[in-house]
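To be precise, the following lines are start21.txt, and they hold compact mmCIF, C-alpha atoms.
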# COMPACT_ATOMS: atom_id res chain seq x y z
CA MET T 185 127.10 19.95 16.78
CA LYS T 186 126.27 17.06 19.12
CA GLU T 187 128.79 15.45 21.45
CA ILE T 188 128.34 11.71 21.87
CA ASN T 189 128.68 11.94 25.64
CA GLN T 190 125.75 14.36 25.70
CA LEU T 191 123.35 12.01 23.90
CA ALA T 192 121.14 9.17 25.08
CA LEU T 193 121.11 6.70 22.17
CA VAL T 194 117.50 5.48 22.13
CA ASP T 195 117.04 1.97 20.73
CA THR T 196 113.35 1.32 21.50
CA ILE T 197 110.39 3.51 22.44
CA ALA T 198 107.19 2.10 23.95
CA MET T 199 103.86 3.84 24.53
CA ASP T 200 101.10 3.00 26.95
CA GLN T 201 97.95 4.86 27.92
CA ASP T 202 96.06 4.17 31.12
CA ASP T 203 92.32 4.30 31.78
CA ASN T 204 92.58 8.00 32.68
CA ARG T 205 94.17 8.68 29.27
CA ASN T 206 97.53 9.53 30.84
CA PHE T 207 100.48 8.66 28.62
CA HIS T 208 103.32 6.45 29.80
CA PHE T 209 106.45 6.29 27.67
CA TYR T 210 109.43 3.97 27.98
CA PHE T 211 112.78 4.88 26.46
CA GLN T 212 115.32 2.09 26.17
CA VAL T 213 118.78 3.66 26.00
CA LEU T 214 121.96 1.90 24.93
CA ASN T 215 124.81 1.37 27.35
CA PRO T 216 127.73 1.25 24.83
CA PRO T 217 130.48 0.15 27.27
CA SER T 218 128.41 -2.95 28.19
CA ILE T 219 127.81 -3.84 24.54
CA GLU T 220 131.53 -3.67 23.82
CA ALA T 221 132.60 -5.54 26.97
CA ARG T 222 131.95 -9.14 26.02
CA GLY T 223 134.90 -10.62 27.89
CA SER T 224 135.13 -11.97 31.39
CA GLY T 225 133.67 -10.35 34.43
CA PRO T 226 130.14 -9.80 35.69
CA SER T 227 127.32 -9.15 33.24
CA ARG T 228 126.32 -5.56 32.77
CA ALA T 229 123.12 -4.17 31.35
CA ALA T 230 123.29 -3.52 27.59
CA VAL T 231 120.40 -1.06 27.89
CA TYR T 232 118.65 1.01 30.51
CA THR T 233 114.93 1.72 30.45
CA TYR T 234 113.54 5.08 31.56
CA GLU T 235 109.82 5.58 32.21
CA VAL T 236 108.11 8.96 32.11
CA SER T 237 104.42 9.89 32.35
CA ALA T 238 102.38 12.92 31.40
CA PRO T 239 98.70 13.82 30.90
CA ALA T 240 99.47 15.14 27.39
CA ILE T 241 101.69 13.44 24.82
CA GLY T 242 103.41 16.71 23.91
CA LEU T 243 104.89 16.95 27.42
CA ILE T 244 106.67 13.59 27.29
CA THR T 245 109.99 14.85 25.90
CA LYS T 246 110.13 17.61 28.51
CA LYS T 247 109.50 15.06 31.25
CA THR T 248 112.61 13.08 30.28
CA GLU T 249 114.79 15.97 31.40
CA ALA T 250 113.88 15.19 35.02
CA VAL T 251 115.16 11.59 34.89
CA MET T 252 117.81 11.61 32.16
CA SER T 253 121.02 13.65 32.07
CA ARG T 254 121.38 13.42 28.29
CA LYS T 255 119.46 14.53 25.21
CA LEU T 256 117.34 11.90 23.47
CA TYR T 257 118.87 10.75 20.17
CA THR T 258 116.45 8.60 18.16
CA SER T 259 117.98 8.49 14.66
CA HIS T 260 118.95 4.83 15.04
CA MET T 261 115.67 3.50 16.43
CA GLN T 262 115.01 -0.23 16.07
CA VAL T 263 111.32 -0.59 16.96
CA TYR T 264 108.25 1.08 18.45
CA VAL T 265 106.24 -0.94 20.98
CA LEU T 266 102.54 -0.17 21.53
CA SER T 267 100.45 -1.53 24.36
CA GLU T 268 97.18 -3.07 23.21
CA ARG T 269 95.08 -0.51 25.07
CA SER T 270 96.97 2.44 23.58
CA ALA T 271 96.70 0.89 20.10
CA ARG T 272 92.94 0.58 20.54
CA ASN T 273 92.79 4.27 21.49
CA GLY T 274 94.57 5.13 18.24
CA VAL T 275 98.12 6.18 17.42
CA LEU T 276 97.64 9.42 15.47
CA SER T 277 98.76 11.57 18.40
CA PHE T 278 101.92 9.46 18.68
CA VAL T 279 102.59 9.78 14.94
CA ASN T 280 102.13 13.54 15.11
CA LEU T 281 104.60 13.69 18.00
CA LEU T 282 107.15 11.81 15.90
CA GLU T 283 106.59 13.84 12.74
CA ASN T 284 106.92 17.17 14.54
CA ASP T 285 110.53 16.32 15.44
CA PRO T 286 112.80 16.10 12.36
CA GLU T 287 115.19 13.78 14.23
CA ARG T 288 112.54 11.12 14.77
CA ARG T 289 111.40 8.62 12.18
CA THR T 290 108.22 6.79 11.31
CA ASN T 291 109.88 4.28 8.95
CA VAL T 292 110.59 2.01 11.93
CA TYR T 293 109.07 -1.38 12.70
CA THR T 294 106.06 -1.28 15.02
CA ILE T 295 104.67 -4.07 17.20
CA VAL T 296 101.76 -4.44 19.63
CA THR T 297 102.14 -6.23 22.94
CA GLU T 298 99.41 -8.02 24.87
CA GLU T 299 101.63 -8.00 27.95
CA PRO T 300 102.19 -4.91 30.11
CA VAL T 301 104.66 -2.64 28.34
CA SER T 302 106.74 -2.43 31.51
CA THR T 303 107.35 -6.20 31.33
CA VAL T 304 108.50 -6.11 27.71
CA MET T 305 110.67 -3.03 28.19
CA ASN T 306 112.36 -4.30 31.35
CA SER T 307 113.36 -7.76 30.10
CA PHE T 308 116.67 -8.91 28.69
CA THR T 309 116.79 -11.12 25.59
CA VAL T 310 119.34 -13.80 24.78
CA LEU T 311 121.47 -14.08 21.61
CA ASP T 312 121.16 -10.33 21.09
CA ARG T 313 122.07 -8.34 24.16
CA VAL T 314 119.97 -5.37 22.98
CA PRO T 315 116.22 -6.20 23.16
CA GLY T 316 115.23 -3.72 20.45
CA ARG T 317 117.70 -5.24 18.02
CA ASN T 318 116.44 -8.70 18.96
CA ILE T 319 112.87 -7.70 18.06
CA ARG T 320 113.97 -6.08 14.78
CA LEU T 321 115.92 -9.17 13.73
CA LEU T 322 112.94 -11.33 14.70
CA LEU T 323 110.72 -9.23 12.42
CA ASP T 324 113.34 -9.31 9.63
CA TRP T 325 113.44 -13.09 9.84
CA HIS T 326 109.64 -13.17 9.90
CA ALA T 327 109.62 -11.22 6.62
CA LYS T 328 112.25 -13.43 4.98
CA ASN T 329 110.16 -16.50 5.81
CA PHE T 330 107.60 -14.99 3.43
CA GLY T 331 110.27 -14.41 0.80
CA ILE T 332 110.32 -10.62 1.05
CA ASN T 333 112.71 -8.05 2.50
CA LYS T 334 110.25 -5.89 4.42
CA LEU T 335 106.71 -6.37 5.63
CA PRO T 336 104.39 -3.31 5.71
CA ILE T 337 104.53 -3.11 9.51
CA ARG T 338 106.15 0.27 10.11
CA MET T 339 104.55 3.26 11.79
CA LYS T 340 104.39 5.00 8.41
CA ASP T 341 102.48 2.00 6.99
CA ILE T 342 99.79 2.47 9.64
CA VAL T 343 99.47 6.13 8.62
CA ALA T 344 99.60 5.37 4.89
CA GLY T 345 96.70 2.95 5.37
CA ILE T 346 94.33 5.57 6.80
CA PRO T 347 92.60 6.51 3.48
CA PHE T 348 92.27 2.90 2.34
CA SER T 349 89.69 0.21 2.95
CA ARG T 350 92.24 -2.57 3.46
CA PRO T 351 93.46 -2.73 7.08
CA THR T 352 97.10 -2.72 8.12
CA ILE T 353 98.23 -5.81 10.05
CA ILE T 354 100.83 -5.25 12.77
CA PRO T 355 102.47 -8.25 14.52
CA ILE T 356 101.61 -8.94 18.14
CA ILE T 357 104.46 -9.96 20.41
CA GLN T 358 104.09 -12.07 23.53
CA TYR T 359 106.34 -12.39 26.56
CA THR T 360 106.81 -15.96 27.78
CA GLY T 361 107.26 -15.49 31.48
CA GLU T 362 105.46 -14.58 34.68
CA ARG T 363 107.60 -11.55 35.46
CA ALA T 364 110.11 -9.30 33.75
CA ALA T 365 113.63 -10.70 33.28
CA SER T 366 115.25 -7.45 34.38
CA LYS T 367 118.53 -8.82 35.72
CA ALA T 368 121.61 -9.08 33.49
CA ASP T 369 122.33 -12.58 34.83
CA ARG T 370 119.29 -13.67 32.77
CA LEU T 371 121.82 -13.93 29.91
CA ASP T 372 123.49 -16.85 31.71
CA ASP T 373 120.31 -18.99 31.70
CA ILE T 374 120.48 -21.85 29.17
CA ASN T 375 116.67 -21.99 28.72
CA ALA T 376 116.24 -19.46 25.91
CA THR T 377 112.47 -19.91 25.48
CA LYS T 378 111.75 -19.04 29.10
CA GLU T 379 111.26 -15.32 29.77
CA ASN T 380 111.60 -14.40 26.12
CA LEU T 381 109.67 -12.64 23.33
CA ARG T 382 107.86 -14.33 20.45
CA LEU T 383 105.51 -13.37 17.63
CA VAL T 384 102.03 -14.85 18.07
CA SER T 385 99.35 -13.15 15.96
CA GLY T 386 98.36 -9.85 14.36
CA ALA T 387 96.64 -6.59 15.30
CA VAL T 388 94.18 -5.13 12.78
CA PHE T 389 94.51 -1.37 12.29
CA ILE T 390 91.86 0.69 10.50
CA ARG T 391 92.35 4.45 10.29
CA ALA T 392 95.35 4.24 12.65
CA LYS T 393 93.33 2.51 15.37
CA MET T 394 93.47 -1.13 16.45
CA VAL T 395 90.03 -2.70 15.98
CA GLY T 396 90.76 -6.36 16.67
CA LYS T 397 93.09 -9.33 16.37
CA ILE T 398 93.66 -12.14 13.90
CA ASN T 399 95.39 -15.45 14.49
CA THR T 400 98.64 -16.48 12.80
CA GLU T 401 96.87 -18.44 10.04
CA ILE T 402 94.69 -15.48 9.00
CA LYS T 403 97.71 -13.15 9.19
CA ASN T 404 99.73 -15.43 6.91
CA LEU T 405 96.87 -15.70 4.41
CA TYR T 406 96.53 -11.92 4.47
CA TYR T 407 100.14 -11.65 3.29
CA VAL T 408 99.62 -14.34 0.64
CA PHE T 409 96.34 -13.17 -0.90
CA ASN T 410 97.38 -9.51 -0.92
CA GLY T 411 100.56 -10.30 -2.83
CA TYR T 412 103.09 -9.56 -0.09
CA ALA T 413 104.28 -13.13 0.51
CA LYS T 414 106.32 -14.95 -2.13
CA ARG T 415 106.67 -18.19 -0.17
CA ILE T 416 104.95 -20.05 2.65
CA ASP T 417 105.09 -23.52 4.26
CA GLU T 418 101.86 -25.49 4.54
CA THR T 419 100.57 -29.04 5.12
CA VAL T 420 98.10 -30.76 2.79
CA GLU T 421 96.56 -34.23 2.78
CA VAL T 422 96.88 -36.74 -0.07
CA ARG T 423 94.97 -40.01 0.44
CA ASN T 424 94.64 -39.15 4.15
CA LYS T 425 98.42 -38.78 4.57
CA ARG T 426 100.29 -35.60 5.47
CA VAL T 427 102.56 -33.91 2.98
CA ASP T 428 104.47 -30.85 4.17
CA ILE T 429 105.21 -28.48 1.31
CA GLU T 430 107.15 -25.31 0.62
CA VAL T 431 105.16 -23.04 -1.70
CA THR T 432 107.34 -20.59 -3.61
CA ASP T 433 107.20 -18.08 -6.45
CA ILE T 434 103.68 -17.06 -5.40
CA LYS T 435 101.99 -14.72 -7.85
CA ILE T 436 98.57 -13.17 -7.29
CA LYS T 437 96.45 -11.87 -10.15
CA ARG T 438 93.02 -10.26 -9.81
CA ILE T 439 90.63 -10.79 -12.69
CA TRP T 440 87.28 -8.99 -12.78
CA LYS T 441 84.86 -11.33 -14.54
CA THR T 442 82.11 -8.75 -14.06
CA ASP T 443 81.77 -5.65 -11.91
CA LYS T 444 80.28 -7.90 -9.22
CA GLN T 445 82.54 -10.96 -9.55
CA LEU T 446 86.27 -11.09 -8.80
CA ILE T 447 88.53 -14.06 -9.53
CA LEU T 448 91.65 -14.14 -7.37
CA ARG T 449 94.15 -16.35 -9.18
CA LEU T 450 97.13 -17.79 -7.31
CA ASN T 451 100.01 -19.31 -9.29
CA ALA T 452 102.87 -20.98 -7.41
CA LYS T 453 105.51 -23.67 -7.40
CA ALA T 454 105.74 -26.25 -4.63
CA GLY T 455 108.42 -28.48 -3.18
CA ILE T 456 108.03 -31.40 -0.78
CA ILE T 457 109.53 -30.92 2.68
CA ASN T 458 108.16 -34.09 4.27
CA ASN T 459 106.09 -36.85 2.71
CA GLU T 460 104.23 -39.37 4.89
CA GLN T 461 102.62 -41.27 2.00
CA ASN T 462 103.34 -44.98 1.84
CA GLN T 463 103.56 -45.13 -1.92
CA ARG T 464 105.93 -44.34 -4.73
CA LEU T 465 105.92 -40.75 -5.82
CA ASN T 466 105.11 -40.95 -9.54
CA ALA T 467 103.53 -38.64 -12.08
CA SER T 468 100.03 -39.64 -11.04
CA ASN T 469 100.76 -39.04 -7.36
CA ILE T 470 102.34 -35.67 -8.09
CA LYS T 471 99.17 -34.71 -9.96
CA GLU T 472 97.12 -35.66 -6.90
CA LEU T 473 99.43 -33.53 -4.74
CA GLU T 474 99.00 -30.53 -7.03
CA GLN T 475 95.22 -30.93 -6.88
CA ALA T 476 95.40 -31.15 -3.09
CA ILE T 477 97.44 -27.91 -2.99
CA ASN T 478 94.96 -26.17 -5.29
CA SER T 479 91.99 -27.29 -3.18
CA PHE T 480 93.79 -26.30 0.03
CA PHE T 481 94.34 -22.68 -1.01
CA ASN T 482 90.91 -22.37 -2.63
CA GLU T 483 89.22 -23.54 0.57
CA LYS T 484 91.46 -21.39 2.77
CA GLY T 485 90.69 -18.42 0.54
CA GLU T 486 86.94 -18.92 0.89
CA ASP T 487 87.27 -19.25 4.68
CA PHE T 488 89.45 -16.13 4.71
CA PHE T 489 86.88 -14.08 2.80
CA ARG T 490 84.00 -15.34 4.96
CA PHE T 491 85.96 -14.28 8.04
CA ALA T 492 86.53 -10.82 6.51
CA LEU T 493 82.80 -10.43 5.82
CA LYS T 494 81.89 -11.52 9.33
CA GLN T 495 84.31 -9.06 10.93
CA ASN T 496 83.49 -6.29 8.42
CA TRP T 497 87.21 -5.96 7.66
CA ASP T 498 88.11 -5.56 3.99
CA LEU T 499 91.15 -7.83 4.28
CA LEU T 500 91.53 -8.11 0.49
CA GLY T 501 91.31 -4.38 -0.15
CA ILE T 502 88.39 -4.79 -2.56
CA GLY T 503 86.94 -1.47 -1.40
CA ASP T 504 90.03 0.27 -2.79
CA THR T 505 89.07 -0.70 -6.35
CA ARG T 506 86.63 1.02 -8.68
CA GLN T 507 84.26 -1.96 -8.65
CA GLY T 508 84.30 -2.46 -4.88
CA ARG T 509 84.31 1.10 -3.61
CA LYS T 510 81.64 1.52 -0.89
CA ASN T 511 80.15 -1.92 -1.58
CA TRP T 512 83.03 -4.40 -1.20
CA LYS T 513 80.86 -6.82 0.78
CA GLU T 514 78.59 -7.28 -2.26
CA ILE T 515 81.44 -8.51 -4.46
CA LYS T 516 81.58 -12.27 -5.06
CA VAL T 517 85.13 -13.58 -4.80
CA GLN T 518 86.27 -16.84 -6.39
CA PHE T 519 89.68 -18.33 -5.60
CA ASP T 520 91.49 -20.13 -8.42
CA THR T 521 94.83 -21.78 -7.54
CA HIS T 522 97.30 -23.28 -10.02
CA SER T 523 100.30 -25.04 -8.48
CA LYS T 524 103.14 -27.07 -9.95
CA VAL T 525 105.35 -29.42 -7.94
CA THR T 526 108.90 -28.80 -9.16
CA SER T 527 111.28 -29.55 -6.27
CA LEU T 528 111.45 -33.13 -5.02
CA GLY T 529 114.63 -33.21 -2.89
CA ASN T 530 117.16 -36.08 -2.98
CA THR T 531 114.62 -38.89 -3.30
CA ILE T 532 111.18 -39.15 -4.86
CA THR T 533 110.05 -42.06 -2.68
CA PRO T 534 109.89 -42.13 1.15
CA TYR T 535 112.07 -44.75 2.87
CA GLU T 536 110.22 -47.77 4.18

What would the structure in this file look like if it were written as structure tokens?
Amino acid sequence: MKEINQLALVDTIAMDQDDNRNFHFYFQVLNPPSIEARGSGPSRAAVYTYEVSAPAIGLITKKTEAVMSRKLYTSHMQVYVLSERSARNGVLSFVNLLENDPERRTNVYTIVTEEPVSTVMNSFTVLDRVPGRNIRLLLDWHAKNFGINKLPIRMKDIVAGIPFSRPTIIPIIQYTGERAASKADRLDDINATKENLRLVSGAVFIRAKMVGKINTEIKNLYYVFNGYAKRIDETVEVRNKRVDIEVTDIKIKRIWKTDKQLILRLNAKAGIINNEQNQRLNASNIKELEQAINSFFNEKGEDFFRFALKQNWDLLGIGDTRQGRKNWKEIKVQFDTHSKVTSLGNTITPYE
């Protein structure tokens, strides 16, 4: 039996590894009285961050006993944070450490940070007093923007991807500040974008090791063309004018024309968010818009596949099929998009 006053409720764990291969772990522990005390009086820290270091990852838990008077309790973890250099060294040892303890979980969101881990783990966030919860909600909202409940960005997804050709994409988080916002009075600052965390791009993991980065556009297309995303916002041009669209009900179908030729068919509905055309939106114009959407995704798909070939990353998972096993780069991929504009808002013609 565990007494609550004997436990350190861990919300976030971060791992770093220096050039000498020494491990540095950060444990962010909840301060329940501060979370409950939302009334008047001075701000108090909602969490405390403990740092421990060891030459071997198996000694980390033992090291916490020297700085923490309570037993680590990790059953309600929000997120794992990996430094870029530790991610590039590989995370299998970290996963094995987690799996060897039945109280720890691998079905927890994972992110990579370009910033020093100490900066991320020693900074307060606004709106949500607990930084780990703030990151988890940010990732939840990121997933819902794609029309799905969960993205495959957990530690277990990295491990599950080891036998496969298709990489696992883990979000990269960036800290917008010159130094850590480690004081609780940070919560009184009205500028919420200063000294805060934001998602910026993606880390490519192959066999549980980070091998590179992709920008936000490539990351979004990865989710679309692999069938994860059900919706996405994009901008197309019709007669040299911008039209912002919401693409929904995305369905991906793979059709093997021959053993060497794959057709990736994308079917979707589209709605107009913003229309900068100076003309009446009629049936003919809607047809032009649909053609522009089809061309947009076909061209983006070709660019996406060329990028995958250049980087030698099987971003479409073709090597996991019978036809593409061991020779995915020799497969010719054709993108075939079919869109239908169905949602037009309150007016079909822009105001003049």

TODO: Please return, as a VMD selection string, all polymer residues that have at least one atom within 7 Å of the point (117.6, 3.2, 23.5); use only C-alpha atoms and the file's own coordinate frame.
DONE: chain T and resid 193 to 196 211 to 214 231

What are the closest atom pairs, with distances in Å to one decimal, for all residues of region 285-396 of chain T lying within 12 Å of region 485-496 of chain T? Consider only C-alpha atoms, order rows by chain and residue number, and present the result as a tab-separated table.
residue	atom	partner	partner_atom	distance
T:Ser349	CA	T:Asn496	CA	10.5
T:Arg350	CA	T:Ala492	CA	10.5
T:Pro351	CA	T:Ala492	CA	10.7
T:Val388	CA	T:Gln495	CA	10.8
T:Ile390	CA	T:Asn496	CA	11.1
T:Val395	CA	T:Gln495	CA	9.9
T:Gly396	CA	T:Gln495	CA	9.0

Mind dumping the selected residues with C-alpha atoms as an mmCIF file, in the frame of the given file?
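The file below, result_21.cif, is the result:
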data_model
loop_
_atom_site.group_PDB
_atom_site.id
_atom_site.type_symbol
_atom_site.label_atom_id
_atom_site.label_comp_id
_atom_site.auth_asym_id
_atom_site.auth_seq_id
_atom_site.Cartn_x
_atom_site.Cartn_y
_atom_site.Cartn_z
ATOM 1 C CA SER T 349 89.690 0.210 2.950
ATOM 2 C CA ARG T 350 92.240 -2.570 3.460
ATOM 3 C CA PRO T 351 93.460 -2.730 7.080
ATOM 4 C CA VAL T 388 94.180 -5.130 12.780
ATOM 5 C CA ILE T 390 91.860 0.690 10.500
ATOM 6 C CA VAL T 395 90.030 -2.700 15.980
ATOM 7 C CA GLY T 396 90.760 -6.360 16.670
#

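Between CA of Glu472 (chain T) and CA of Gln445 (chain T) lies a distance of 28.8 Å.
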
Open item on the list: So, with all atoms listed in the file as the atoms that count, which of T:Asp443, T:Asp203, T:Asp428, T:Asp324 lies closest to Ser270 (chain T)?
Closed with: T:Asp203

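Using all atoms listed in the file, the smallest distance between any of T:Asp433, T:Asp504, T:Asp200, T:Glu474 and Ile346 (chain T) comes from T:Asp504.
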
Open item on the list: If we draw a sphere of 6 Å around (107.2, 5.4, 9.8), which residues have at least one atom in it when counting all atoms listed in the file? Please report them as a ChimeraX atom specification.
Closed with: /T:289-292,338-340

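Interatomic distance, CA of Tyr359 (chain T) to CA of Ala198 (chain T): 14.7 Å.
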
Task: Separation of CA of Thr419 (chain T) from CA of Asn462 (chain T), in Å and rounded to one decimal - done: 16.5 Å

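Nearest residue to Val275 (chain T), choosing from T:Phe389, T:Tyr293, T:Trp512, T:Phe209 and counting all atoms listed in the file: T:Phe389.
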
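Closest approach to Lys393 (chain T) among T:Leu266, T:Val251, T:Ile515, T:Ala230: T:Leu266, based on only C-alpha atoms.
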